Each structure stands twice: as structure tokens, then as C-alpha cells.
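Just below is one structure, and these are the notes that go with it.
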Amino acid sequence: MGLSQEELAHELGVSFSTINRWENSKTVPFKLARRQFEAFCVRMKEEGKLA
């Protein structure tokens, strides 16, 4: 989608470092963050930005 870690963090309401730790497999998202990410994906699909 062309989002930076910082932009994704802003969309999900988490910090840049949180996204970075997820991407580097240092931590996994908690339930709330997973729900926020799922909602973000649904929204992006509805907007045609995610297949």
C-alpha cells in the first residue's frame, strides 16, 4: 500500500516503534491492536486500496 511504518502507526493509533517491533518479530500485536489492524484492512478494502 506504500505506507511507511510511521503512517501505519498513525492509522492504528500505536507508536512507530511498535510497528517496527511487529515487523521485526520482536513482539506481536495485542488483541486491541489486532482489532484495529483488522478494521484498518476492512476500511482499505472498502476504499479499493487493498485487494
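Convention: chains lettered A, B, ... in C-alpha cells order; per-chain residue numbering from 1; ligands numbered from 1 as shown.
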Using only C-alpha atoms, which protein or nucleic acid residues come within 12 Å of Ser15 of chain A? Drop anything in the same chain fewer than 5 positions from it, and give the result as a ChimeraX atom specification. /A:5-10,20-22,29,33
Mind checking which residues fall within 10 Å of Leu12 of chain A, counting only C-alpha atoms, ignoring those fewer than 5 positions away in the same chain, and posting them as a ChimeraX atom specification? /A:6-7,19,32-40
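Residue neighbourhood of Leu50 of chain A, excluding near-sequence residues (fewer than 4 positions): Met1, Gly2, Leu3, Phe40, Cys41, Val42, Arg43, Met44, Lys45 and Glu46 of chain A, at 12 Å, using only C-alpha atoms.
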Identify all residues of chain A in alpha helix (DSSP H) (DSSP on the backbone) and supply them as a ChimeraX atom specification. /A:5-12,16-23,31-46
Written file, previous selection with N, CA and C atoms, as a short mmCIF file (atom, residue, chain, number, x, y, z; two decimals), in the first residue's frame:
```cif
data_model
loop_
_atom_site.label_atom_id
_atom_site.label_comp_id
_atom_site.auth_asym_id
_atom_site.auth_seq_id
_atom_site.Cartn_x
_atom_site.Cartn_y
_atom_site.Cartn_z
N GLN A 5 6.09 2.94 8.08
CA GLN A 5 5.77 2.44 9.42
C GLN A 5 5.13 3.55 10.24
N GLU A 6 5.60 4.75 10.08
CA GLU A 6 5.05 5.89 10.82
C GLU A 6 3.60 6.16 10.42
N GLU A 7 3.31 6.09 9.12
CA GLU A 7 1.94 6.32 8.66
C GLU A 7 1.00 5.22 9.15
N LEU A 8 1.45 3.98 9.10
CA LEU A 8 0.63 2.87 9.60
C LEU A 8 0.41 3.01 11.10
N ALA A 9 1.44 3.37 11.81
CA ALA A 9 1.31 3.58 13.26
C ALA A 9 0.25 4.63 13.55
N HIS A 10 0.26 5.71 12.81
CA HIS A 10 -0.73 6.76 12.99
C HIS A 10 -2.14 6.23 12.72
N GLU A 11 -2.29 5.48 11.65
CA GLU A 11 -3.60 4.91 11.30
C GLU A 11 -4.14 3.99 12.39
N LEU A 12 -3.24 3.25 13.04
CA LEU A 12 -3.65 2.27 14.05
C LEU A 12 -3.66 2.83 15.46
N PHE A 16 5.39 4.34 16.26
CA PHE A 16 6.27 3.84 15.20
C PHE A 16 7.07 2.65 15.69
N SER A 17 7.60 2.74 16.91
CA SER A 17 8.44 1.65 17.43
C SER A 17 7.64 0.37 17.60
N THR A 18 6.35 0.48 17.89
CA THR A 18 5.50 -0.71 17.99
C THR A 18 5.42 -1.41 16.64
N ILE A 19 5.15 -0.66 15.60
CA ILE A 19 5.09 -1.23 14.24
C ILE A 19 6.43 -1.87 13.90
N ASN A 20 7.51 -1.19 14.22
CA ASN A 20 8.84 -1.70 13.93
C ASN A 20 9.08 -3.03 14.64
N ARG A 21 8.69 -3.13 15.89
CA ARG A 21 8.87 -4.39 16.64
C ARG A 21 8.03 -5.50 16.05
N TRP A 22 6.80 -5.19 15.60
CA TRP A 22 5.96 -6.20 14.96
C TRP A 22 6.63 -6.72 13.68
N GLU A 23 7.10 -5.80 12.86
CA GLU A 23 7.71 -6.18 11.58
C GLU A 23 9.00 -6.97 11.77
N LYS A 31 -4.53 -7.92 21.50
CA LYS A 31 -5.87 -8.06 20.93
C LYS A 31 -6.41 -6.74 20.38
N LEU A 32 -6.30 -5.69 21.15
CA LEU A 32 -6.84 -4.40 20.70
C LEU A 32 -6.15 -3.95 19.42
N ALA A 33 -4.85 -4.07 19.36
CA ALA A 33 -4.11 -3.66 18.15
C ALA A 33 -4.48 -4.54 16.97
N ARG A 34 -4.69 -5.83 17.20
CA ARG A 34 -5.11 -6.72 16.11
C ARG A 34 -6.47 -6.29 15.58
N ARG A 35 -7.38 -5.95 16.48
CA ARG A 35 -8.71 -5.50 16.04
C ARG A 35 -8.61 -4.19 15.26
N GLN A 36 -7.75 -3.29 15.71
CA GLN A 36 -7.56 -2.02 15.00
C GLN A 36 -6.98 -2.29 13.61
N PHE A 37 -6.04 -3.22 13.52
CA PHE A 37 -5.43 -3.55 12.24
C PHE A 37 -6.45 -4.20 11.31
N GLU A 38 -7.26 -5.10 11.84
CA GLU A 38 -8.30 -5.74 11.04
C GLU A 38 -9.29 -4.71 10.52
N ALA A 39 -9.71 -3.78 11.37
CA ALA A 39 -10.64 -2.73 10.96
C ALA A 39 -10.00 -1.84 9.88
N PHE A 40 -8.72 -1.56 10.03
CA PHE A 40 -7.99 -0.77 9.04
C PHE A 40 -7.99 -1.49 7.69
N CYS A 41 -7.74 -2.80 7.71
CA CYS A 41 -7.72 -3.59 6.47
C CYS A 41 -9.10 -3.60 5.81
N VAL A 42 -10.14 -3.75 6.60
CA VAL A 42 -11.51 -3.73 6.06
C VAL A 42 -11.77 -2.38 5.40
N ARG A 43 -11.40 -1.31 6.08
CA ARG A 43 -11.59 0.03 5.54
C ARG A 43 -10.82 0.22 4.23
N MET A 44 -9.60 -0.28 4.17
CA MET A 44 -8.79 -0.14 2.96
C MET A 44 -9.39 -0.97 1.82
N LYS A 45 -9.93 -2.15 2.13
CA LYS A 45 -10.59 -2.95 1.11
C LYS A 45 -11.81 -2.22 0.56
N GLU A 46 -12.59 -1.64 1.45
CA GLU A 46 -13.78 -0.89 1.03
C GLU A 46 -13.41 0.30 0.15
#
```
